[in-house]
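Text of protein34.cif, listed as mmCIF, C-alpha atoms and all ligand atoms:
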```
data_protein
#
loop_
_atom_site.label_atom_id
_atom_site.label_comp_id
_atom_site.auth_asym_id
_atom_site.auth_seq_id
_atom_site.Cartn_x
_atom_site.Cartn_y
_atom_site.Cartn_z
CA MET A 1 78.64 -4.17 -15.34
CA ILE A 2 75.61 -5.95 -16.84
CA LYS A 3 73.90 -8.75 -14.96
CA ILE A 4 72.19 -11.32 -17.19
CA VAL A 5 69.98 -13.88 -15.46
CA VAL A 6 69.02 -16.94 -17.52
CA PRO A 7 66.71 -19.77 -16.40
CA ALA A 8 67.36 -23.50 -16.63
CA SER A 9 64.87 -25.56 -18.62
CA THR A 10 63.51 -29.06 -18.91
CA SER A 11 62.76 -30.10 -22.46
CA ASN A 12 60.84 -32.82 -24.34
CA LEU A 13 58.50 -33.46 -21.36
CA GLY A 14 58.33 -37.07 -22.54
CA PRO A 15 56.86 -37.23 -26.06
CA GLY A 16 57.67 -33.71 -27.36
CA PHE A 17 61.19 -34.46 -28.53
CA ASP A 18 62.94 -31.25 -29.68
CA THR A 19 59.52 -29.50 -29.42
CA PHE A 20 58.47 -28.76 -25.82
CA GLY A 21 60.54 -26.79 -23.31
CA LEU A 22 59.69 -25.48 -19.86
CA ALA A 23 61.67 -22.74 -18.10
CA LEU A 24 62.55 -23.46 -14.47
CA GLY A 25 63.15 -21.25 -11.44
CA LEU A 26 66.83 -22.12 -11.26
CA TYR A 27 69.28 -19.64 -12.77
CA ASN A 28 72.72 -19.08 -14.18
CA ILE A 29 73.95 -15.51 -13.82
CA PHE A 30 76.42 -13.89 -16.22
CA LEU A 31 78.11 -10.67 -15.08
CA VAL A 32 79.59 -8.98 -18.10
CA GLU A 33 81.75 -5.93 -18.80
CA ARG A 34 84.18 -4.68 -21.43
CA HIS A 35 87.79 -5.68 -20.69
CA PRO A 36 91.18 -5.42 -22.49
CA SER A 37 91.16 -9.20 -23.14
CA TYR A 38 88.72 -12.09 -22.71
CA ARG A 39 88.55 -13.38 -19.13
CA VAL A 40 86.05 -15.90 -17.74
CA CYS A 41 85.59 -16.79 -14.10
CA VAL A 42 83.23 -19.62 -13.11
CA ILE A 43 81.64 -19.88 -9.68
CA GLY A 44 79.40 -22.79 -8.64
CA GLU A 45 78.49 -25.54 -11.12
CA GLY A 46 80.83 -26.36 -14.00
CA THR A 47 84.14 -25.18 -12.57
CA HIS A 48 85.76 -27.32 -15.32
CA LEU A 49 84.33 -25.07 -18.04
CA PRO A 50 86.80 -23.23 -20.32
CA ARG A 51 88.06 -19.84 -19.03
CA ASP A 52 88.87 -18.46 -22.45
CA THR A 53 87.30 -18.01 -25.87
CA GLY A 54 86.50 -21.75 -25.82
CA ASN A 55 83.75 -21.03 -23.29
CA LEU A 56 80.34 -21.49 -24.91
CA MET A 57 79.05 -18.19 -23.52
CA VAL A 58 81.94 -16.30 -25.14
CA MET A 59 81.52 -18.31 -28.36
CA ALA A 60 77.85 -17.27 -28.49
CA TYR A 61 78.75 -13.62 -27.86
CA ARG A 62 81.29 -13.66 -30.69
CA MET A 63 78.95 -15.53 -33.03
CA ALA A 64 76.19 -12.95 -32.40
CA CYS A 65 78.63 -10.07 -33.05
CA SER A 66 79.70 -11.62 -36.31
CA ARG A 67 76.14 -12.47 -37.51
CA TRP A 68 74.80 -9.03 -36.55
CA GLY A 69 77.75 -7.15 -38.06
CA VAL A 70 79.12 -5.46 -34.94
CA GLU A 71 82.77 -5.34 -33.95
CA GLU A 72 83.34 -7.54 -30.90
CA VAL A 73 84.97 -6.08 -27.82
CA PRO A 74 86.69 -8.49 -25.41
CA LEU A 75 84.68 -9.18 -22.27
CA LYS A 76 85.25 -10.07 -18.68
CA VAL A 77 82.60 -12.60 -17.70
CA ILE A 78 81.81 -13.88 -14.23
CA GLN A 79 79.49 -16.88 -14.37
CA ILE A 80 77.58 -17.74 -11.22
CA ASN A 81 76.22 -21.14 -12.15
CA ARG A 82 73.43 -22.85 -10.27
CA VAL A 83 72.39 -25.14 -13.14
CA PRO A 84 74.27 -28.46 -13.08
CA THR A 85 76.08 -29.15 -16.36
CA ALA A 86 75.47 -32.17 -18.61
CA ARG A 87 72.39 -33.22 -16.62
CA GLY A 88 69.55 -32.37 -19.03
CA LEU A 89 68.63 -29.02 -17.48
CA GLY A 90 69.62 -26.77 -20.37
CA SER A 91 72.91 -25.50 -18.95
CA SER A 92 74.42 -25.10 -22.41
CA ALA A 93 71.35 -23.12 -23.52
CA THR A 94 71.84 -20.69 -20.62
CA ALA A 95 75.41 -20.08 -21.81
CA ILE A 96 74.32 -19.51 -25.42
CA VAL A 97 71.46 -17.20 -24.44
CA GLY A 98 73.78 -15.40 -22.00
CA GLY A 99 76.33 -14.73 -24.77
CA ILE A 100 73.75 -13.57 -27.31
CA THR A 101 72.10 -11.29 -24.73
CA ALA A 102 75.52 -9.88 -23.82
CA CYS A 103 76.03 -8.92 -27.49
CA GLU A 104 72.61 -7.28 -27.62
CA ARG A 105 73.26 -5.24 -24.46
CA ILE A 106 76.93 -4.33 -24.92
CA HIS A 107 76.27 -3.11 -28.45
CA ASN A 108 72.85 -1.52 -27.75
CA LEU A 109 70.96 -3.68 -30.21
CA ARG A 110 67.30 -4.69 -29.99
CA LYS A 111 66.77 -8.04 -31.63
CA ARG A 112 63.60 -10.10 -32.02
CA VAL A 113 63.43 -13.49 -30.30
CA GLU A 114 63.46 -15.18 -33.72
CA GLU A 115 66.72 -13.41 -34.63
CA LYS A 116 68.36 -14.56 -31.40
CA VAL A 117 67.19 -18.13 -31.90
CA GLU A 118 68.66 -18.11 -35.41
CA VAL A 119 72.11 -17.37 -33.96
CA ALA A 120 71.62 -19.84 -31.10
CA LEU A 121 70.77 -22.68 -33.47
CA GLU A 122 74.23 -22.46 -34.99
CA LEU A 123 75.61 -23.58 -31.63
CA GLU A 124 72.83 -25.90 -30.45
CA PRO A 125 70.68 -27.41 -33.21
CA HIS A 126 67.51 -27.97 -31.14
CA PRO A 127 65.47 -24.92 -29.99
CA ASP A 128 63.59 -26.50 -27.07
CA ASN A 129 65.93 -25.22 -24.34
CA ILE A 130 66.94 -21.97 -26.05
CA LEU A 131 63.36 -20.67 -26.33
CA PRO A 132 62.22 -21.19 -22.72
CA ALA A 133 65.55 -19.76 -21.55
CA LEU A 134 64.80 -16.63 -23.62
CA VAL A 135 61.08 -16.12 -23.01
CA GLY A 136 60.17 -18.30 -20.00
CA GLY A 137 57.09 -20.48 -19.51
CA LEU A 138 56.06 -23.53 -21.50
CA VAL A 139 57.18 -23.20 -25.11
CA VAL A 140 56.12 -25.22 -28.13
CA CYS A 141 58.53 -24.80 -31.03
CA ALA A 142 59.05 -25.94 -34.59
CA LYS A 143 62.06 -25.42 -36.84
CA GLY A 144 61.24 -24.91 -40.50
CA GLU A 145 62.70 -23.65 -43.76
CA GLU A 146 61.35 -20.18 -42.97
CA GLY A 147 62.97 -20.16 -39.52
CA ILE A 148 61.58 -20.81 -36.09
CA SER A 149 57.89 -20.84 -35.12
CA PHE A 150 56.94 -20.91 -31.45
CA VAL A 151 54.15 -20.31 -28.97
CA LYS A 152 54.58 -19.57 -25.27
CA LEU A 153 51.80 -21.07 -23.18
CA ASP A 154 50.75 -20.44 -19.58
CA PHE A 155 51.83 -23.36 -17.47
CA PRO A 156 49.38 -24.20 -14.66
CA GLU A 157 50.31 -22.22 -11.53
CA ASP A 158 49.54 -25.07 -9.14
CA LEU A 159 52.11 -27.49 -10.57
CA ARG A 160 55.73 -27.77 -9.42
CA VAL A 161 58.61 -29.51 -11.16
CA VAL A 162 60.60 -31.86 -8.94
CA VAL A 163 63.93 -32.63 -10.59
CA CYS A 164 66.14 -35.47 -9.40
CA VAL A 165 69.71 -34.88 -10.49
CA PRO A 166 72.05 -37.89 -10.37
CA SER A 167 75.77 -37.44 -9.81
CA VAL A 168 76.62 -38.99 -13.20
CA GLU A 169 76.96 -36.75 -16.25
CA VAL A 170 75.54 -37.55 -19.70
CA SER A 171 76.46 -35.20 -22.52
CA THR A 172 73.66 -34.23 -24.87
CA GLU A 173 75.87 -35.19 -27.81
CA GLU A 174 76.23 -38.74 -26.52
CA ALA A 175 72.52 -38.96 -25.66
CA ARG A 176 71.62 -37.94 -29.24
CA ARG A 177 74.04 -40.47 -30.75
CA VAL A 178 72.14 -43.42 -29.22
CA LEU A 179 68.87 -42.44 -30.94
CA ARG A 180 67.55 -44.18 -34.08
CA GLY A 181 67.60 -42.23 -37.32
CA ASP A 182 64.31 -43.82 -38.45
CA VAL A 183 61.13 -44.56 -36.52
CA SER A 184 58.12 -46.75 -37.26
CA LEU A 185 54.74 -45.25 -38.15
CA GLN A 186 53.36 -46.83 -34.96
CA ASP A 187 55.92 -45.07 -32.77
CA ALA A 188 55.43 -41.77 -34.60
CA VAL A 189 51.66 -42.00 -34.05
CA PHE A 190 52.19 -42.97 -30.41
CA ASN A 191 54.20 -39.77 -29.82
CA VAL A 192 51.94 -37.48 -31.85
CA GLN A 193 48.93 -38.67 -29.81
CA ARG A 194 50.70 -38.13 -26.52
CA SER A 195 52.24 -34.76 -27.40
CA CYS A 196 48.78 -33.40 -28.26
CA LEU A 197 47.25 -35.04 -25.20
CA LEU A 198 49.93 -33.51 -22.99
CA LEU A 199 49.21 -29.96 -24.15
CA ALA A 200 45.45 -30.50 -24.01
CA SER A 201 45.56 -31.96 -20.50
CA LEU A 202 47.81 -29.15 -19.21
CA MET A 203 45.68 -26.41 -20.78
CA THR A 204 42.42 -27.90 -19.45
CA ARG A 205 43.92 -28.94 -16.07
CA ARG A 206 42.92 -32.59 -16.68
CA TYR A 207 45.84 -33.85 -14.58
CA SER A 208 44.65 -37.48 -14.46
CA LEU A 209 45.66 -37.73 -18.14
CA LEU A 210 49.25 -36.61 -17.61
CA LYS A 211 50.71 -40.03 -16.77
CA GLU A 212 49.65 -41.43 -20.14
CA ALA A 213 50.45 -38.16 -21.92
CA VAL A 214 54.17 -38.13 -21.00
CA LYS A 215 54.89 -41.62 -22.38
CA ASP A 216 57.41 -41.65 -25.19
CA ARG A 217 58.82 -44.06 -27.75
CA LEU A 218 61.24 -41.81 -29.64
CA HIS A 219 64.07 -41.17 -27.20
CA GLN A 220 63.58 -42.39 -23.63
CA PRO A 221 63.74 -46.13 -24.47
CA TYR A 222 67.13 -45.64 -26.16
CA ARG A 223 68.48 -43.31 -23.49
CA SER A 224 67.48 -45.64 -20.65
CA ARG A 225 70.73 -47.51 -21.09
CA LEU A 226 72.68 -44.33 -20.30
CA VAL A 227 70.60 -43.57 -17.19
CA PRO A 228 70.75 -46.26 -14.49
CA ALA A 229 67.30 -47.20 -13.12
CA MET A 230 65.54 -44.52 -15.23
CA TYR A 231 62.16 -46.29 -15.42
CA THR A 232 62.35 -47.42 -11.76
CA VAL A 233 62.93 -43.80 -10.69
CA MET A 234 59.81 -42.76 -12.66
CA GLU A 235 57.76 -45.61 -11.16
CA GLU A 236 58.80 -44.64 -7.63
CA ALA A 237 57.86 -41.02 -8.37
CA TYR A 238 54.35 -42.14 -9.39
CA THR A 239 54.02 -44.32 -6.27
CA ALA A 240 54.93 -41.27 -4.16
CA GLY A 241 52.22 -39.16 -5.82
CA ALA A 242 53.71 -37.58 -8.97
CA LEU A 243 51.28 -36.68 -11.75
CA ALA A 244 53.86 -37.14 -14.51
CA SER A 245 57.47 -38.30 -14.71
CA PHE A 246 59.90 -38.15 -17.63
CA LEU A 247 63.54 -37.79 -18.58
CA SER A 248 64.57 -34.13 -18.38
CA GLY A 249 65.99 -33.13 -21.76
CA SER A 250 68.54 -35.73 -22.77
CA GLY A 251 68.99 -36.85 -19.13
CA PRO A 252 70.17 -38.14 -16.79
CA THR A 253 67.94 -35.94 -14.59
CA VAL A 254 64.40 -37.26 -14.13
CA ALA A 255 61.67 -34.61 -13.74
CA SER A 256 58.24 -35.07 -12.18
CA LEU A 257 55.21 -32.79 -12.24
CA CYS A 258 53.50 -32.56 -8.87
CA GLN A 259 50.50 -30.75 -7.41
CA GLY A 260 51.49 -31.74 -3.85
CA ASN A 261 53.76 -34.41 -2.34
CA CYS A 262 56.82 -32.65 -3.77
CA GLU A 263 59.25 -33.62 -0.99
CA LYS A 264 57.93 -37.19 -0.91
CA VAL A 265 58.36 -37.54 -4.67
CA GLY A 266 61.86 -36.05 -4.55
CA GLN A 267 62.96 -38.38 -1.76
CA ALA A 268 61.48 -41.42 -3.54
CA MET A 269 63.40 -40.60 -6.73
CA VAL A 270 66.66 -40.12 -4.81
CA ARG A 271 66.14 -43.49 -3.05
CA ALA A 272 65.52 -45.25 -6.37
CA PHE A 273 68.74 -43.86 -7.88
CA LYS A 274 70.61 -44.82 -4.69
CA LYS A 275 69.34 -48.41 -4.89
CA ALA A 276 70.97 -48.55 -8.33
CA GLY A 277 74.23 -47.30 -6.81
CA VAL A 278 73.92 -43.70 -8.01
CA GLU A 279 74.02 -40.68 -5.68
CA ALA A 280 71.42 -38.03 -6.49
CA LYS A 281 69.82 -34.88 -5.12
CA TYR A 282 66.41 -33.35 -5.74
CA MET A 283 65.11 -29.80 -6.10
CA VAL A 284 61.52 -28.58 -6.02
CA LEU A 285 61.22 -25.86 -8.66
CA GLN A 286 58.64 -23.35 -9.77
CA VAL A 287 58.20 -22.62 -13.45
CA ASP A 288 59.96 -19.44 -14.57
CA ARG A 289 57.49 -17.25 -16.47
CA GLU A 290 59.74 -14.37 -17.49
CA GLY A 291 62.79 -15.80 -19.24
CA THR A 292 66.08 -13.93 -19.47
CA ARG A 293 66.33 -10.59 -17.67
CA CYS A 294 69.09 -8.01 -17.46
CA HIS A 295 70.09 -5.40 -14.92
CA GLU A 296 72.57 -2.76 -16.04
CA ASP A 297 75.05 -0.94 -13.83
CA THR A 298 73.47 -2.46 -10.76
CA ASP A 299 75.05 -3.35 -7.50
CA VAL A 300 75.44 -7.04 -8.21
CA GLY A 301 73.77 -9.31 -5.67
CA HIS A 302 73.67 -13.10 -6.01
CA ARG A 303 70.12 -13.96 -6.96
N1 LIG B 401 77.05 -22.87 -18.00
C1 LIG B 401 77.86 -23.11 -19.05
N2 LIG B 401 78.76 -22.19 -19.45
C2 LIG B 401 79.56 -22.42 -20.51
N3 LIG B 401 79.51 -23.56 -21.24
C3 LIG B 401 78.64 -24.51 -20.90
C4 LIG B 401 77.76 -24.33 -19.78
N4 LIG B 401 77.00 -25.45 -19.69
C5 LIG B 401 77.37 -26.27 -20.67
N5 LIG B 401 78.35 -25.72 -21.40
C6 LIG B 401 79.04 -26.30 -22.56
O1 LIG B 401 78.11 -26.97 -23.37
C7 LIG B 401 78.57 -28.28 -23.69
C8 LIG B 401 77.37 -29.17 -23.86
O2 LIG B 401 76.68 -29.27 -22.66
P1 LIG B 401 75.51 -30.33 -22.53
O3 LIG B 401 76.05 -31.69 -22.41
O4 LIG B 401 74.55 -30.11 -23.65
O5 LIG B 401 74.86 -29.93 -21.18
P2 LIG B 401 73.38 -29.59 -20.79
O6 LIG B 401 72.59 -30.86 -20.97
O7 LIG B 401 73.56 -29.25 -19.36
O8 LIG B 401 72.91 -28.46 -21.62
C9 LIG B 401 79.49 -28.65 -22.51
O9 LIG B 401 80.50 -29.49 -22.89
C10 LIG B 401 80.07 -27.29 -22.10
O10 LIG B 401 81.27 -27.01 -22.76
N1 LIG B 402 65.61 -32.15 -27.25
C1 LIG B 402 66.96 -32.28 -26.81
C2 LIG B 402 67.08 -31.60 -25.46
C3 LIG B 402 68.46 -31.66 -24.85
O1 LIG B 402 68.42 -30.95 -23.63
P1 LIG B 402 69.68 -30.91 -22.62
O2 LIG B 402 69.19 -30.09 -21.48
O3 LIG B 402 69.95 -32.32 -22.27
O4 LIG B 402 70.81 -30.26 -23.38
C4 LIG B 402 67.32 -33.77 -26.70
O5 LIG B 402 66.49 -34.49 -26.17
O6 LIG B 402 68.39 -34.15 -27.17
#
```
Please, can you express the file's structure as structure tokens?
Amino acid sequence: MIKIVVPASTSNLGPGFDTFGLALGLYNIFLVERHPSYRVCVIGEGTHLPRDTGNLMVMAYRMACSRWGVEEVPLKVIQINRVPTARGLGSSATAIVGGITACERIHNLRKRVEEKVEVALELEPHPDNILPALVGGLVVCAKGEEGISFVKLDFPEDLRVVVCVPSVEVSTEEARRVLRGDVSLQDAVFNVQRSCLLLASLMTRRYSLLKEAVKDRLHQPYRSRLVPAMYTVMEEAYTAGALASFLSGSGPTVASLCQGNCEKVGQAMVRAFKKAGVEAKYMVLQVDREGTRCHEDTDVGHR
């Protein structure tokens, strides 16, 4: 049996829509072995997920087999999910990366990251969760005619990510539908300035700049109507001592970067959601620096 461990991720980080992704120390585990027919068992988050070839992990496995010219063998998959689904924490990316990695391992292939991303993009058109799930850390990515370009950066060790996960689900598909197809030059410039400022302030540890650097005009304003009290939750996070606060991926989770005050920030965000009538929970997470890892023929413990 092969154990594939894939990290969650928070993407966009405010202004870097479809560009920035950060791997988180929260994991989905996929236990995989050859089997006479496809079988999927889901433990933990997402017990509603398909148990057959309609499961995204299996779809990704089959897609990778077909693109890489190997004959698929049916799999038994046990998913141990810790990443909440449809909350903006890259759950779907874990499934896609899990399936592609399963193909690589079962069929003894060694593929470059770029080759895996190429397959992944057929199932999820934005690379900003796929890449951190694969390689870990803070990833900057760009999709071009020649394929994917990316750089993995060292995220400051002293920062934690406090995620506040509301009980409501928002599918990424729906959260992309509410966006505008065109943007003004002013808004484009606003986001370019802040995306660059965000990277510069993280790389030089100028944390006082982060609050301005995570502002966004391309997606958060439109998504705020899908996420009750979104801006109030961010404001309360700042009042409690957060350095930065933004919508995690397409939401509805709100993520805050903190150097201290993590519990205080988490509790403040939960209270703000509650005031708007929405139950929520928070988690204080480290950044994952390794990305996807595999253990073969191991005695399978629950990480
Ligand atoms: N852990 C998972 N395993 C299998 N399929 C998943 C998983 N997480 C999400 N999916 C599939 O991906 C689809 C899209 O999920 P999405 O709304 O993008 O969630 P997220 O924001 O958590 O990535 C879901 O409808 C579901 O079918
Ligand atoms: N850049 C994408 C990220 C979606 O992430 P998810 O975790 O919500 O699937 C977007 O903003 O749509």
Arg67 of chain A surroundings by all atoms listed in the file, 10 Å radius, close-in-sequence under 3 positions cut, as a tab-separated table (two decimals) with C-alpha atoms, in the coordinates of the input:
```
chain	number	residue	atom	x	y	z
A	62	ARG	CA	81.29	-13.66	-30.69
A	63	MET	CA	78.95	-15.53	-33.03
A	64	ALA	CA	76.19	-12.95	-32.40
A	70	VAL	CA	79.12	-5.46	-34.94
A	115	GLU	CA	66.72	-13.41	-34.63
A	118	GLU	CA	68.66	-18.11	-35.41
A	119	VAL	CA	72.11	-17.37	-33.96
```
Hey, which residues come within 6 Å of ligand LIG 401 (chain B) if we count all atoms listed in the file? Could you give them as a ChimeraX atom specification?
-> /A:49,55-57,85-93,95,171-172
Can you work out which one of A:Arg82, A:Arg112, A:His35, A:Arg223 has the shortest atom-to-atom distance to ligand LIG 402 (chain B), counting all atoms listed in the file?
-> A:Arg223
Contacts of ligand LIG 402 (chain B), 9 Å or closer, only C-alpha atoms and all ligand atoms, given as a PyMOL selection string = chain A and resi 8-12+16-21+85-93+124-129+170-173+175-176+219-220+247-253
Residue selection dump (C-alpha atoms) as an mmCIF file, in the frame of the given file:
```cif
data_model
loop_
_atom_site.group_PDB
_atom_site.id
_atom_site.type_symbol
_atom_site.label_atom_id
_atom_site.label_comp_id
_atom_site.auth_asym_id
_atom_site.auth_seq_id
_atom_site.Cartn_x
_atom_site.Cartn_y
_atom_site.Cartn_z
ATOM 1 C CA ALA A 8 67.360 -23.500 -16.630
ATOM 2 C CA SER A 9 64.870 -25.560 -18.620
ATOM 3 C CA THR A 10 63.510 -29.060 -18.910
ATOM 4 C CA SER A 11 62.760 -30.100 -22.460
ATOM 5 C CA ASN A 12 60.840 -32.820 -24.340
ATOM 6 C CA GLY A 16 57.670 -33.710 -27.360
ATOM 7 C CA PHE A 17 61.190 -34.460 -28.530
ATOM 8 C CA ASP A 18 62.940 -31.250 -29.680
ATOM 9 C CA THR A 19 59.520 -29.500 -29.420
ATOM 10 C CA PHE A 20 58.470 -28.760 -25.820
ATOM 11 C CA GLY A 21 60.540 -26.790 -23.310
ATOM 12 C CA THR A 85 76.080 -29.150 -16.360
ATOM 13 C CA ALA A 86 75.470 -32.170 -18.610
ATOM 14 C CA ARG A 87 72.390 -33.220 -16.620
ATOM 15 C CA GLY A 88 69.550 -32.370 -19.030
ATOM 16 C CA LEU A 89 68.630 -29.020 -17.480
ATOM 17 C CA GLY A 90 69.620 -26.770 -20.370
ATOM 18 C CA SER A 91 72.910 -25.500 -18.950
ATOM 19 C CA SER A 92 74.420 -25.100 -22.410
ATOM 20 C CA ALA A 93 71.350 -23.120 -23.520
ATOM 21 C CA GLU A 124 72.830 -25.900 -30.450
ATOM 22 C CA PRO A 125 70.680 -27.410 -33.210
ATOM 23 C CA HIS A 126 67.510 -27.970 -31.140
ATOM 24 C CA PRO A 127 65.470 -24.920 -29.990
ATOM 25 C CA ASP A 128 63.590 -26.500 -27.070
ATOM 26 C CA ASN A 129 65.930 -25.220 -24.340
ATOM 27 C CA VAL A 170 75.540 -37.550 -19.700
ATOM 28 C CA SER A 171 76.460 -35.200 -22.520
ATOM 29 C CA THR A 172 73.660 -34.230 -24.870
ATOM 30 C CA GLU A 173 75.870 -35.190 -27.810
ATOM 31 C CA ALA A 175 72.520 -38.960 -25.660
ATOM 32 C CA ARG A 176 71.620 -37.940 -29.240
ATOM 33 C CA HIS A 219 64.070 -41.170 -27.200
ATOM 34 C CA GLN A 220 63.580 -42.390 -23.630
ATOM 35 C CA LEU A 247 63.540 -37.790 -18.580
ATOM 36 C CA SER A 248 64.570 -34.130 -18.380
ATOM 37 C CA GLY A 249 65.990 -33.130 -21.760
ATOM 38 C CA SER A 250 68.540 -35.730 -22.770
ATOM 39 C CA GLY A 251 68.990 -36.850 -19.130
ATOM 40 C CA PRO A 252 70.170 -38.140 -16.790
ATOM 41 C CA THR A 253 67.940 -35.940 -14.590
#
```
Work out how far apart atom CA of Cys262 of chain A and atom CA of Lys281 of chain A are and give it in Å to one decimal.
->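 Those two atoms sit 13.3 Å apart.
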Selected residue, from A:Gln79, A:Asn108, A:Gln286, A:Ser167, that lies nearest to Gly44 of chain A when counting all atoms listed in the file =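 Closest candidate: A:Gln79.
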Calculate how many Å separate atom CA of Ser256 of chain A from atom CA of Met234 of chain A, rounding to one decimal.
->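 About the pair atom CA of Ser256 of chain A and atom CA of Met234 of chain A: they are 7.9 Å apart.
Residues in contact with segment 134-147 of chain A at 8 Å, where only C-alpha atoms are counted and same-chain residues fewer than 6 positions away are skipped, are listed as Val6, Pro7, Asp18, Thr19, Phe20, Gly21, Leu22, Ala23, Leu24, Val97, Val113, Glu114, Glu118, Pro127, Asp128, Leu153, Asp154, Phe155, Val287, Asp288, Arg289, Glu290, Gly291 and Thr292 of chain A.
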Rank nothing, just name the residue among A:Glu169, A:Glu104, A:Asp158, A:Glu236 nearest to Val32 of chain A, using all atoms listed in the file.
->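 Using all atoms listed in the file, Val32 of chain A sits closest to A:Glu104.
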Around all the atoms of segment 199-210 of chain A listed in the file, with 6 Å of room on each side, what axis-aligned box do you get, giving centre and edge lengths in Å to one decimal, as AutoDock Vina command-line options?
```
--center_x 45.8 --center_y -32.1 --center_z -19.3 --size_x 18.8 --size_y 23.3 --size_z 21.7
```
Spatial neighbours of segment 274-277 of chain A, max dist 9 Å, only C-alpha atoms, sep filter under 3 positions, as a list in words | Pro228, Ala229, Met269, Val270, Arg271 and Ala280 of chain A
Atomic distance atom CA of Ser245 of chain A - atom CA of Ile96 of chain A, expressed in Å with one decimal = 27.4 Å
Contacts of segment 201-213 of chain A at 8 Å or less, counting only C-alpha atoms, minus same-chain residues fewer than 3 places along, as a PyMOL selection string?
-> chain A and resi 14-15+154-156+194-195+197-198+243-245
Contacts of Val73 of chain A at 9 Å or less, counting only C-alpha atoms, minus same-chain residues fewer than 5 places along, as number ranges by chain?
-> A: 34-38, 62, 106
Quick one: of A:Ile80, A:Val117, A:Ala102, A:Ala60, who's nearest to His295 of chain A, counting only C-alpha atoms?
-> A:Ala102
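Minimum atom-to-atom distance to Gly266 of chain A, evaluated using all atoms listed in the file, belongs to A:Val161 out of A:Val161, A:Val192, A:Arg293, A:Glu174.
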N, CA and C atoms for segment 148-159 of chain A, written as a compact mmCIF listing (two decimals), in the frame of the given file, could you do that?
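That gives us selection10.txt:
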```
# COMPACT_ATOMS: atom_id res chain seq x y z
N ILE A 148 62.18 -20.19 -37.26
CA ILE A 148 61.58 -20.81 -36.09
C ILE A 148 60.14 -20.32 -35.90
N SER A 149 59.26 -21.22 -35.52
CA SER A 149 57.89 -20.84 -35.12
C SER A 149 57.73 -21.30 -33.68
N PHE A 150 57.13 -20.47 -32.84
CA PHE A 150 56.94 -20.91 -31.45
C PHE A 150 55.74 -20.23 -30.81
N VAL A 151 55.23 -20.89 -29.78
CA VAL A 151 54.15 -20.31 -28.97
C VAL A 151 54.50 -20.53 -27.51
N LYS A 152 54.38 -19.45 -26.72
CA LYS A 152 54.58 -19.57 -25.27
C LYS A 152 53.21 -19.74 -24.63
N LEU A 153 53.08 -20.79 -23.82
CA LEU A 153 51.80 -21.07 -23.18
C LEU A 153 51.91 -20.84 -21.67
N ASP A 154 50.77 -20.58 -21.04
CA ASP A 154 50.75 -20.44 -19.58
C ASP A 154 50.77 -21.82 -18.96
N PHE A 155 51.76 -22.08 -18.15
CA PHE A 155 51.83 -23.36 -17.47
C PHE A 155 50.99 -23.25 -16.20
N PRO A 156 50.23 -24.29 -15.84
CA PRO A 156 49.38 -24.20 -14.66
C PRO A 156 50.16 -23.78 -13.41
N GLU A 157 49.61 -22.81 -12.68
CA GLU A 157 50.31 -22.22 -11.53
C GLU A 157 50.44 -23.19 -10.37
N ASP A 158 49.54 -24.18 -10.31
CA ASP A 158 49.54 -25.07 -9.14
C ASP A 158 50.48 -26.27 -9.30
N LEU A 159 51.19 -26.36 -10.40
CA LEU A 159 52.11 -27.49 -10.57
C LEU A 159 53.55 -27.07 -10.27
```
